[in-house]
$ cat entry33.txt   # compact mmCIF, C-alpha atoms
# COMPACT_ATOMS: atom_id res chain seq x y z
CA MET A 291 -41.49 13.87 18.47
CA ASP A 292 -39.55 17.08 18.31
CA MET A 293 -36.36 16.30 16.47
CA THR A 294 -34.94 19.83 16.42
CA ALA A 295 -32.78 19.42 19.50
CA MET A 296 -31.46 16.09 18.34
CA CYS A 297 -30.67 17.56 14.96
CA ASP A 298 -28.74 20.36 16.64
CA VAL A 299 -26.65 17.87 18.60
CA ALA A 300 -25.98 15.73 15.55
CA PHE A 301 -24.72 18.65 13.51
CA LEU A 302 -22.68 20.03 16.40
CA LEU A 303 -20.89 16.69 16.67
CA LEU A 304 -20.53 16.56 12.91
CA THR A 305 -18.87 19.99 12.85
CA PHE A 306 -16.54 18.92 15.65
CA PHE A 307 -15.46 15.78 13.87
CA ILE A 308 -14.94 17.53 10.54
CA LEU A 309 -12.76 20.16 12.14
CA THR A 310 -10.62 17.83 14.26
CA ALA A 311 -10.30 14.90 11.92
CA GLN A 312 -7.58 14.15 9.49
CA ILE A 313 -8.45 11.79 6.75
CA ARG A 314 -6.58 8.56 7.02
CA VAL A 315 -4.32 7.99 4.04
CA GLN A 316 -4.03 4.64 2.40
CA GLU A 317 -0.72 3.30 3.67
CA ALA A 318 1.23 0.72 1.72
CA ALA A 319 1.68 -1.37 4.83
CA GLU A 320 -0.04 -1.63 8.15
CA ILE A 321 2.25 -0.52 10.94
CA ASN A 322 1.57 -0.52 14.66
CA PRO A 323 4.12 1.78 16.22
CA PRO A 324 5.16 1.36 19.86
CA THR A 325 4.01 3.94 22.37
CA SER A 326 6.07 6.50 24.25
CA ILE A 327 5.44 9.25 26.75
CA SER A 328 6.93 11.81 24.40
CA GLY A 329 4.47 14.60 23.73
CA ILE A 330 6.12 16.12 20.67
CA LYS A 331 3.77 16.12 17.72
CA VAL A 332 4.86 15.03 14.29
CA PRO A 333 4.90 17.96 11.86
CA ASP A 334 2.43 17.82 8.97
CA THR A 335 4.55 19.36 6.27
CA ASP A 336 8.09 18.91 5.02
CA ILE A 337 8.31 15.42 6.33
CA MET A 338 9.87 12.26 4.99
CA THR A 339 8.58 9.04 6.48
CA ILE A 340 10.56 5.84 6.48
CA SER A 341 8.34 2.99 7.62
CA LEU A 342 9.54 -0.37 8.77
CA ASP A 343 6.96 -3.13 8.89
CA LYS A 344 7.05 -6.25 11.02
CA GLU A 345 8.70 -8.34 8.31
CA GLY A 346 11.49 -5.82 7.99
CA LYS A 347 10.31 -4.31 4.72
CA VAL A 348 11.03 -0.64 4.26
CA PHE A 349 8.55 1.85 2.85
CA PHE A 350 9.34 5.38 1.89
CA GLY A 351 7.24 8.48 1.39
CA ILE A 352 7.42 12.26 1.36
CA ASP A 353 4.68 14.88 1.47
CA GLY A 354 3.72 17.31 -1.26
CA GLN A 355 2.94 16.24 -4.81
CA PRO A 356 5.43 18.62 -6.54
CA ASN A 357 8.17 17.32 -4.25
CA ARG A 358 7.31 13.74 -5.10
CA ILE A 359 7.57 14.48 -8.82
CA ALA A 360 10.88 16.29 -8.38
CA MET A 361 12.17 13.37 -6.33
CA LEU A 362 11.11 10.86 -9.01
CA GLU A 363 12.88 12.90 -11.69
CA ASN A 364 16.06 12.91 -9.60
CA ILE A 365 15.82 9.16 -9.05
CA GLY A 366 15.28 8.66 -12.78
CA GLU A 367 18.50 10.53 -13.47
CA THR A 368 20.41 8.47 -10.93
CA TYR A 369 19.26 5.15 -12.31
CA GLY A 370 19.00 6.21 -15.95
CA ILE A 371 15.25 5.68 -16.21
CA SER A 372 12.92 8.22 -17.76
CA PHE A 373 9.36 8.46 -16.51
CA SER A 374 6.42 9.67 -18.58
CA ASP A 375 4.09 12.40 -17.36
CA ARG A 376 1.44 9.82 -16.66
CA GLU A 377 3.80 7.82 -14.46
CA LYS A 378 4.89 10.96 -12.64
CA LYS A 379 1.28 11.80 -11.96
CA ALA A 380 0.60 8.29 -10.67
CA PHE A 381 3.69 8.46 -8.48
CA SER A 382 2.71 11.81 -7.00
CA LEU A 383 -0.47 10.22 -5.66
CA LEU A 384 1.36 7.59 -3.60
CA PRO A 385 1.70 8.54 0.08
CA ASN A 386 4.35 5.87 0.48
CA PHE A 387 5.67 2.91 -1.43
CA GLY A 388 7.95 -0.06 -1.08
CA ILE A 389 8.96 -0.86 -4.63
CA PRO A 390 12.48 -1.41 -5.95
CA VAL A 391 13.38 1.10 -8.66
CA ASN A 392 13.48 -1.49 -11.45
CA GLN A 393 9.85 -2.50 -10.75
CA LEU A 394 8.61 1.04 -10.30
CA LYS A 395 7.62 1.62 -13.93
CA SER A 396 5.40 -1.47 -14.12
CA PHE A 397 3.85 -0.66 -10.73
CA LEU A 398 3.00 2.89 -11.79
CA SER A 399 1.27 1.65 -14.95
CA LEU A 400 -1.30 -0.20 -12.82
CA LYS A 401 -4.61 1.35 -11.87
CA SER A 402 -4.88 2.53 -8.30
CA ASP A 403 -7.18 -0.29 -7.23
CA GLN A 404 -4.74 -2.80 -8.71
CA GLN A 405 -1.85 -1.05 -6.96
CA SER A 406 -3.41 -1.62 -3.58
CA GLN A 407 -3.54 -5.36 -4.26
CA VAL A 408 0.15 -5.64 -5.10
CA LYS A 409 2.22 -7.00 -2.25
CA GLN A 410 5.02 -4.49 -2.13
CA PRO A 411 8.45 -6.04 -1.55
CA GLY A 412 9.92 -3.01 0.21
CA VAL A 413 12.69 -0.62 -0.75
CA PRO A 414 16.02 -2.47 -0.73
CA VAL A 415 18.26 -1.32 2.08
CA ASP A 416 21.49 -2.51 3.62
CA SER A 417 24.55 -0.94 5.16
CA THR A 418 26.54 -0.61 1.95
CA ALA A 419 26.66 2.32 -0.47
CA SER A 420 25.66 0.21 -3.48
CA LEU A 421 23.15 1.76 -5.90
CA GLN A 422 21.20 -1.47 -6.25
CA THR A 423 21.15 -3.01 -2.79
CA ASN A 424 20.83 0.21 -0.83
CA GLN A 425 18.19 2.13 -2.74
CA LEU A 426 16.83 3.74 0.40
CA SER A 427 19.84 6.00 0.73
CA GLN A 428 19.32 7.11 -2.89
CA TRP A 429 15.69 7.93 -2.20
CA VAL A 430 16.63 9.87 0.91
CA PHE A 431 19.35 11.75 -0.95
CA ASN A 432 17.10 12.63 -3.89
CA ALA A 433 14.18 13.55 -1.66
CA ARG A 434 16.37 16.02 0.17
CA LYS A 435 17.57 17.35 -3.16
CA ALA A 436 13.91 17.96 -4.09
CA ASN A 437 13.09 19.60 -0.78
CA ASN A 438 15.96 20.49 1.50
CA LYS A 439 13.71 21.36 4.43
CA LEU A 440 12.58 17.76 4.88
CA ARG A 441 12.64 16.37 8.36
CA ILE A 442 13.05 12.68 8.78
CA ALA A 443 10.66 10.47 10.66
CA VAL A 444 11.15 6.78 11.19
CA LYS A 445 8.04 4.75 11.89
CA GLY A 446 8.71 1.20 12.94
CA ASP A 447 6.40 -1.65 13.79
CA ASN A 448 6.40 -3.12 17.28
CA LEU A 449 7.65 -6.43 15.98
CA ALA A 450 10.31 -5.14 13.59
CA LYS A 451 13.67 -6.66 14.43
CA PHE A 452 16.50 -4.43 15.52
CA PRO A 453 18.93 -5.41 12.70
CA ASN A 454 16.43 -4.05 10.15
CA PHE A 455 16.26 -0.78 12.02
CA LYS A 456 20.05 -0.76 12.20
CA ASN A 457 20.25 -0.90 8.39
CA VAL A 458 17.94 2.09 8.07
CA LEU A 459 19.93 3.90 10.73
CA SER A 460 23.27 3.25 9.09
CA SER A 461 22.10 4.31 5.64
CA LEU A 462 20.93 7.60 7.16
CA GLN A 463 24.08 8.05 9.18
CA SER A 464 26.24 7.49 6.12
CA GLN A 465 24.64 10.64 4.69
CA ASN A 466 25.39 12.60 7.80
CA ILE A 467 21.80 12.57 9.00
CA ASN A 468 22.19 12.26 12.73
CA LYS A 469 18.95 13.66 14.00
CA PHE A 470 15.58 12.14 13.35
CA ASN A 471 12.20 11.51 14.86
CA LEU A 472 10.82 8.16 15.82
CA ILE A 473 7.07 8.13 15.35
CA THR A 474 5.31 6.54 18.29
CA GLY A 475 1.85 6.31 19.71
CA THR A 476 0.98 8.35 22.75
CA GLU A 477 1.03 6.85 26.21
CA ALA A 478 0.35 8.44 29.57
CA PRO A 479 3.50 9.02 31.63
CA PRO A 480 3.68 7.28 35.02
CA ALA A 481 1.97 9.03 37.91
CA GLY A 482 3.97 11.87 39.37
CA TRP A 483 6.17 12.29 36.32
CA THR A 484 6.81 15.82 35.21
CA ASN A 485 8.63 17.07 32.20
CA ASP A 486 11.40 19.47 33.05
CA MET B 136 -55.70 38.37 4.29
CA ALA B 137 -57.12 40.13 1.34
CA ASP B 138 -60.61 39.37 2.43
CA ILE B 139 -62.42 42.39 3.58
CA ASP B 140 -65.46 41.75 5.58
CA ALA B 141 -68.38 43.28 3.90
CA GLY B 142 -70.15 43.27 7.23
CA GLY B 143 -73.54 41.97 8.06
CA GLY B 144 -74.63 40.71 4.65
CA GLY B 145 -74.57 37.23 3.33
CA GLY B 146 -75.12 34.12 5.27
CA GLY B 147 -73.82 33.29 8.67
CA LYS B 148 -71.16 31.21 7.09
CA HIS B 149 -68.25 32.83 8.86
CA LYS B 150 -68.63 32.94 12.54
CA GLY B 151 -67.09 35.93 14.11
CA GLY B 152 -67.23 37.66 10.82
CA LYS B 153 -63.54 37.31 9.78
CA VAL B 154 -62.06 34.96 7.26
CA ARG B 155 -58.79 33.51 8.58
CA SER B 156 -56.41 32.06 6.15
CA LYS B 157 -55.35 28.59 7.05
CA LYS B 158 -52.07 28.75 8.98
CA GLY B 159 -49.79 25.91 7.99
CA SER B 160 -47.57 24.51 10.68
CA THR B 161 -44.00 25.88 10.52
CA ARG B 162 -42.61 22.68 12.01
CA VAL B 163 -40.60 20.60 9.66
CA ASP B 164 -40.08 16.95 10.19
CA MET B 165 -36.46 16.77 11.28
CA THR B 166 -36.10 13.00 11.27
CA PRO B 167 -34.42 12.61 7.86
CA MET B 168 -32.06 15.47 8.67
CA VAL B 169 -31.03 13.82 11.92
CA ASP B 170 -30.49 10.58 10.03
CA LEU B 171 -28.24 12.36 7.58
CA GLY B 172 -26.35 14.07 10.39
CA PHE B 173 -25.57 10.85 12.18
CA LEU B 174 -24.66 9.12 8.96
CA LEU B 175 -22.05 11.79 8.25
CA ILE B 176 -20.75 11.61 11.83
CA THR B 177 -20.28 7.88 11.48
CA PHE B 178 -18.42 8.37 8.22
CA PHE B 179 -16.05 10.94 9.68
CA ILE B 180 -15.34 8.87 12.77
CA LEU B 181 -14.47 5.85 10.69
CA ALA B 182 -12.47 7.65 8.03
CA SER B 183 -10.30 9.71 10.31
CA THR B 184 -7.42 9.28 12.66
CA LEU B 185 -8.20 11.19 15.78
CA SER B 186 -5.04 11.01 17.82
CA LYS B 187 -2.05 12.43 16.09
CA PRO B 188 1.02 10.29 16.65
CA SER B 189 3.75 11.78 18.74
CA SER B 190 7.42 11.50 18.04
CA MET B 191 10.57 11.16 20.03
CA THR B 192 13.79 12.64 18.78
CA LEU B 193 16.84 10.46 18.49
CA ASN B 194 20.25 12.00 18.02
CA VAL B 195 23.11 9.77 17.08
CA PRO B 196 26.75 10.80 17.02
CA ASP B 197 28.37 11.75 13.77
CA LYS B 198 30.15 8.76 12.29
CA THR B 199 32.59 10.70 10.17
CA GLU B 200 33.73 12.98 12.93
CA LYS B 201 36.23 11.39 15.26
CA VAL B 202 36.31 13.05 18.63
CA GLU B 203 38.80 11.76 21.11
CA THR B 204 37.11 11.57 24.44
CA GLU B 205 38.27 10.21 27.71
CA PRO B 206 37.08 6.63 28.09
CA ILE B 207 34.24 6.33 30.57
CA LYS B 208 35.06 4.41 33.69
CA ALA B 209 33.26 1.09 33.75
CA SER B 210 32.40 1.64 37.41
CA LYS B 211 29.95 4.36 36.44
CA VAL B 212 28.33 2.64 33.52
CA MET B 213 25.21 0.55 33.43
CA THR B 214 25.20 -1.52 30.25
CA ILE B 215 21.78 -2.70 29.19
CA PHE B 216 21.36 -5.51 26.69
CA LEU B 217 18.00 -5.92 25.01
CA GLY B 218 17.56 -9.63 24.56
CA LYS B 219 14.97 -11.87 23.02
CA GLU B 220 11.40 -12.20 24.28
CA ASN B 221 11.41 -8.71 25.77
CA GLN B 222 14.05 -9.55 28.35
CA ILE B 223 16.53 -7.00 29.57
CA HIS B 224 19.94 -8.03 30.83
CA TYR B 225 22.16 -5.51 32.48
CA ILE B 226 25.55 -5.27 34.10
CA PHE B 227 26.48 -2.45 36.36
CA GLY B 228 29.79 -1.13 37.62
CA LYS B 229 32.03 -3.61 35.90
CA ALA B 230 33.20 -4.19 32.36
CA ALA B 231 32.10 -7.40 30.63
CA ASN B 232 35.51 -9.05 31.08
CA GLU B 233 35.63 -8.44 34.84
CA ASP B 234 33.14 -11.16 35.62
CA PRO B 235 30.18 -8.90 36.41
CA GLU B 236 26.84 -10.08 37.69
CA LEU B 237 24.39 -10.22 34.80
CA LYS B 238 20.90 -9.44 36.00
CA THR B 239 17.75 -10.09 34.02
CA VAL B 240 14.68 -7.91 34.40
CA GLN B 241 11.46 -7.22 32.55
CA PHE B 242 10.20 -3.98 31.07
CA GLY B 243 8.07 -1.86 33.31
CA PRO B 244 8.68 -1.10 37.00
CA GLU B 245 11.57 -3.58 37.29
CA ILE B 246 13.92 -1.84 34.91
CA ARG B 247 12.78 1.57 36.09
CA ASN B 248 13.64 0.76 39.69
CA ALA B 249 16.98 -0.73 38.69
CA LEU B 250 17.83 2.41 36.75
CA GLN B 251 16.84 4.68 39.58
CA GLU B 252 18.72 2.65 42.20
CA ASN B 253 21.91 2.61 40.21
CA LYS B 254 21.58 6.27 39.41
CA GLN B 255 21.36 7.08 43.08
CA LYS B 256 24.50 5.04 43.79
CA ILE B 257 26.56 6.91 41.23
CA GLY B 258 24.94 10.30 41.30
CA GLU B 259 22.91 12.03 38.64
CA LYS B 260 25.83 13.71 36.92
CA ASP B 261 28.17 10.79 36.35
CA PHE B 262 25.67 8.03 35.63
CA VAL B 263 25.98 6.71 32.11
CA VAL B 264 23.74 4.16 30.44
CA VAL B 265 24.81 2.23 27.38
CA ILE B 266 21.98 0.56 25.49
CA LYS B 267 23.00 -2.40 23.38
CA PRO B 268 20.18 -4.07 21.46
CA THR B 269 21.01 -7.59 20.35
CA ALA B 270 19.91 -9.00 17.01
CA GLU B 271 16.93 -10.73 18.65
CA SER B 272 15.44 -7.60 20.14
CA THR B 273 12.61 -5.73 18.47
CA TYR B 274 12.10 -2.11 17.59
CA LYS B 275 9.54 -1.89 20.38
CA ASN B 276 12.18 -2.87 22.93
CA LEU B 277 14.41 -0.06 21.72
CA VAL B 278 11.69 2.57 21.83
CA ASP B 279 10.57 1.38 25.27
CA MET B 280 14.13 1.63 26.53
CA LEU B 281 14.58 5.14 25.14
CA ASP B 282 11.29 5.96 26.79
CA GLU B 283 12.60 4.68 30.12
CA MET B 284 15.52 7.07 29.70
CA ALA B 285 13.03 9.90 29.39
CA ILE B 286 11.00 8.66 32.36
CA THR B 287 13.98 8.24 34.68
CA LYS B 288 15.45 11.49 33.31
CA THR B 289 18.75 9.88 32.47
CA LYS B 290 20.52 12.47 30.39
CA ARG B 291 23.64 10.55 29.46
CA TYR B 292 22.92 7.50 27.45
CA ALA B 293 24.31 5.99 24.31
CA LEU B 294 22.94 3.59 21.75
CA VAL B 295 25.56 1.10 20.64
CA ASP B 296 24.65 -1.52 18.05
CA GLN B 297 27.73 -3.71 18.35
CA LEU B 298 28.34 -6.14 21.18
CA THR B 299 31.92 -6.93 22.14
CA PRO B 300 32.97 -10.63 22.13
CA ASP B 301 33.15 -10.53 25.94
CA GLU B 302 29.57 -9.33 26.14
CA ASN B 303 28.35 -11.92 23.68
CA LYS B 304 29.98 -14.63 25.75
CA LEU B 305 28.48 -13.24 28.93
CA ILE B 306 24.94 -13.36 27.56
CA ALA B 307 25.45 -16.76 25.93
CA ASP B 308 26.65 -18.17 29.27
CA LYS B 309 23.64 -16.76 31.05
CA MET B 310 21.23 -18.17 28.49
CA LYS B 311 22.51 -21.72 28.82

$ encode --input "entry33.txt" --output "structure tokens"
Amino acid sequence: MDMTAMCDVAFLLLTFFILTAQIRVQEAAEINPPTSISGIKVPDTDIMTISLDKEGKVFFGIDGQPNRIAMLENIGETYGISFSDREKKAFSLLPNFGIPVNQLKSFLSLKSDQQSQVKQPGVPVDSTASLQTNQLSQWVFNARKANNKLRIAVKGDNLAKFPNFKNVLSSLQSQNINKFNLITGTEAPPAGWTND
Amino acid sequence: MADIDAGGGGGGKHKGGKVRSKKGSTRVDMTPMVDLGFLLITFFILASTLSKPSSMTLNVPDKTEKVETEPIKASKVMTIFLGKENQIHYIFGKAANEDPELKTVQFGPEIRNALQENKQKIGEKDFVVVIKPTAESTYKNLVDMLDEMAITKTKRYALVDQLTPDENKLIADKMK
């Protein structure tokens, strides 16, 4: 049988998928965001993602490996921990994480396949300004110190309870961050709806 | 190709007199290549996220900045409470201590119609929605509600995370 035509089709499709696809990153937690009719796309660069899973655990991540290292150095200064180059390198490979600062060193010493098996407890967050119980606000502060162009995206799970979201909200608001993006899935607007 | 016919002589081995070199077929068997192509396609489909997530912007008022504004008249406000099990309770036109009628609706067309009806009663410009999620509501409820604001094109809405004692009592009474 003449396979040439079929081969053409296969490689055409392959080219299409390579060009349009973005490789899925290994997330620390599985999150199913709710859908909205909003058509604004999430920017790829200069973005800080705060994820909220269904148990209310908070995960944090920023883009760009140099930024991640700078952020870790800032955090180390705040909490009086020094990180080795190897730990910095391991940290820069994490797209997001949910580890309290005092467990960070032991987590970073693990191999990457062991890291994925660790059940991450989430970044501690509450509505106070305490260094220990509200570490999220420290991460946000130090991330913005590392890259002041960062935009903030909050990605919550469908089943996350509102009080958990409220804690995230208040720790952002206490730093005068009043504008952020909520990451949602895409949903078709109702018939006849126009954006104006 | 290099054969030159000496003409005439020799045996009648070559008919027609010319020696043709054997022409190999130029066709290549494409089957393994097709296999490889589809294998790669499968890999890319599975390893990629096709639809990029969208985002909705949420602006909240500055907490540190105190701006004295005129209190909004309760007669123009629709207060929406996001309750448990995806229920929406709302009061319209009255404050919580004025014995308002607490209605319960579901997400979807019900709340959309209620919003649109009330908006028409008050008029587009003065209609204010206050969204108050209770501790039992989920993040999905909040996003869906903000989405309804976008769908019904309600420009003036506020997200308030604290319920007044009157409102708590109102909902507790209803839930009995």

$ closest_atom_pairs --input "entry33.txt" --of "chain A" --to "chain B" --cutoff "6 Å" --atoms "only C-alpha atoms" --output "CSV"
residue,atom,partner,partner_atom,distance
A:Met293,CA,B:Met165,CA,5.2
A:Cys297,CA,B:Val169,CA,4.8
A:Ala300,CA,B:Gly172,CA,5.4
A:Phe301,CA,B:Gly172,CA,5.8
A:Leu304,CA,B:Ile176,CA,5.1
A:Ala311,CA,B:Ser183,CA,5.4
A:Gln312,CA,B:Ser183,CA,5.3
A:Ile313,CA,B:Ser183,CA,4.5
A:Arg314,CA,B:Ser183,CA,5.1
A:Pro324,CA,B:Lys275,CA,5.5
A:Ser326,CA,B:Asp282,CA,5.8
A:Ser328,CA,B:Met191,CA,5.7
A:Gly329,CA,B:Ser189,CA,5.8
A:Ile330,CA,B:Ser189,CA,5.3
A:Lys331,CA,B:Ser189,CA,4.5
A:Val332,CA,B:Ser189,CA,5.6
A:Asn448,CA,B:Lys275,CA,4.6
A:Leu449,CA,B:Thr273,CA,5.6
A:Ala450,CA,B:Tyr274,CA,5.3
A:Lys451,CA,B:Thr273,CA,4.3
A:Phe452,CA,B:Thr273,CA,5.1
A:Pro453,CA,B:Ala270,CA,5.7
A:Asn468,CA,B:Val195,CA,5.1
A:Lys469,CA,B:Asn194,CA,4.5
A:Phe470,CA,B:Leu193,CA,5.6
A:Asn471,CA,B:Thr192,CA,4.4
A:Leu472,CA,B:Met191,CA,5.2
A:Ile473,CA,B:Ser190,CA,4.3
A:Thr474,CA,B:Ser190,CA,5.4
A:Gly475,CA,B:Pro188,CA,5.1
A:Thr476,CA,B:Ser189,CA,6.0

$ atom_distance --input "entry33.txt" --atom1 "CA of Gly412 in chain A" --atom2 "CA of Gly346 in chain A"
8.4 Å

$ atom_distance --input "entry33.txt" --atom1 "CA of Asn437 in chain A" --atom2 "CA of Met338 in chain A"
9.9 Å

$ atom_distance --input "entry33.txt" --atom1 "CA of Lys445 in chain A" --atom2 "CA of Gly482 in chain A"
28.7 Å

$ closest_residue --input "entry33.txt" --among "A:Asp334, A:Glu367, A:Asp353, A:Glu320" --to "Lys409 in chain A" --atoms "all atoms listed in the file"
A:Glu320

$ closest_residue --input "entry33.txt" --among "B:Val212, B:Gln222, B:Gly243, B:Glu233" --to "Arg291 in chain B" --atoms "all atoms listed in the file"
B:Val212

$ closest_residue --input "entry33.txt" --among "B:Ala249, B:Val154, B:Ile266, B:Met284" --to "Thr214 in chain B" --atoms "all atoms listed in the file"
B:Ile266

$ residues_around --input "entry33.txt" --residues "Val458 in chain A" --least-positions-apart "6" --cutoff "12 Å" --atoms "all atoms listed in the file" --output "VMD selection string"
(chain A and resid 339 to 342 346 to 350 413 to 418 424 to 427 430 442 to 446 450 to 452 464 to 465 467 to 468 470) or (chain B and resid 274)

$ residues_near_point --input "entry33.txt" --point "(21.9, -4.6, 32.5)" --cutoff "8 Å" --atoms "all atoms listed in the file" --output "list in words"
Met213, Thr214, Ile215, Phe216, Ile223, His224, Tyr225, Ile226, Phe227, Leu237, Lys238 and Thr239 of chain B

$ write_last_selection --input "entry33.txt" --atoms "C-alpha atoms" --output "PDB file, keeping the file's coordinate frame"
ATOM      1  CA  MET B 213      25.210   0.550  33.430  1.00  0.00           C
ATOM      2  CA  THR B 214      25.200  -1.520  30.250  1.00  0.00           C
ATOM      3  CA  ILE B 215      21.780  -2.700  29.190  1.00  0.00           C
ATOM      4  CA  PHE B 216      21.360  -5.510  26.690  1.00  0.00           C
ATOM      5  CA  ILE B 223      16.530  -7.000  29.570  1.00  0.00           C
ATOM      6  CA  HIS B 224      19.940  -8.030  30.830  1.00  0.00           C
ATOM      7  CA  TYR B 225      22.160  -5.510  32.480  1.00  0.00           C
ATOM      8  CA  ILE B 226      25.550  -5.270  34.100  1.00  0.00           C
ATOM      9  CA  PHE B 227      26.480  -2.450  36.360  1.00  0.00           C
ATOM     10  CA  LEU B 237      24.390 -10.220  34.800  1.00  0.00           C
ATOM     11  CA  LYS B 238      20.900  -9.440  36.000  1.00  0.00           C
ATOM     12  CA  THR B 239      17.750 -10.090  34.020  1.00  0.00           C
TER      13      THR B 239
END

$ closest_residue --input "entry33.txt" --among "B:Gln297, B:Asn232, B:Thr161, B:Asn303" --to "Lys267 in chain B" --atoms "all atoms listed in the file"
B:Gln297

$ decode --input "entry33.txt" --residues "range 354-384 of chain A" --atoms "C-alpha atoms" --output "PDB file, in the first residue's frame"
ATOM      1  CA  GLY A 354      12.197  31.849  35.802  1.00  0.00           C
ATOM      2  CA  GLN A 355      15.040  29.922  37.415  1.00  0.00           C
ATOM      3  CA  PRO A 356      17.214  32.983  38.275  1.00  0.00           C
ATOM      4  CA  ASN A 357      14.204  34.566  39.964  1.00  0.00           C
ATOM      5  CA  ARG A 358      13.579  31.443  41.990  1.00  0.00           C
ATOM      6  CA  ILE A 359      17.174  31.433  43.221  1.00  0.00           C
ATOM      7  CA  ALA A 360      17.044  35.134  44.092  1.00  0.00           C
ATOM      8  CA  MET A 361      13.780  34.546  45.947  1.00  0.00           C
ATOM      9  CA  LEU A 362      15.282  31.637  47.913  1.00  0.00           C
ATOM     10  CA  GLU A 363      18.263  33.778  48.906  1.00  0.00           C
ATOM     11  CA  ASN A 364      15.918  36.501  50.142  1.00  0.00           C
ATOM     12  CA  ILE A 365      13.885  33.979  52.123  1.00  0.00           C
ATOM     13  CA  GLY A 366      17.086  32.572  53.606  1.00  0.00           C
ATOM     14  CA  GLU A 367      18.007  36.032  54.837  1.00  0.00           C
ATOM     15  CA  THR A 368      14.576  36.557  56.359  1.00  0.00           C
ATOM     16  CA  TYR A 369      14.580  33.291  58.247  1.00  0.00           C
ATOM     17  CA  GLY A 370      18.323  33.121  58.903  1.00  0.00           C
ATOM     18  CA  ILE A 371      18.907  29.972  56.859  1.00  0.00           C
ATOM     19  CA  SER A 372      21.717  29.638  54.350  1.00  0.00           C
ATOM     20  CA  PHE A 373      21.237  27.411  51.336  1.00  0.00           C
ATOM     21  CA  SER A 374      24.045  25.656  49.482  1.00  0.00           C
ATOM     22  CA  ASP A 375      24.464  25.954  45.728  1.00  0.00           C
ATOM     23  CA  ARG A 376      23.150  22.455  45.312  1.00  0.00           C
ATOM     24  CA  GLU A 377      19.987  23.283  47.228  1.00  0.00           C
ATOM     25  CA  LYS A 378      19.513  26.471  45.231  1.00  0.00           C
ATOM     26  CA  LYS A 379      19.815  24.489  42.030  1.00  0.00           C
ATOM     27  CA  ALA A 380      17.285  21.930  43.262  1.00  0.00           C
ATOM     28  CA  PHE A 381      14.928  24.709  44.305  1.00  0.00           C
ATOM     29  CA  SER A 382      15.161  26.452  40.945  1.00  0.00           C
ATOM     30  CA  LEU A 383      13.781  23.325  39.289  1.00  0.00           C
ATOM     31  CA  LEU A 384      10.553  23.324  41.314  1.00  0.00           C
TER      32      LEU A 384
END
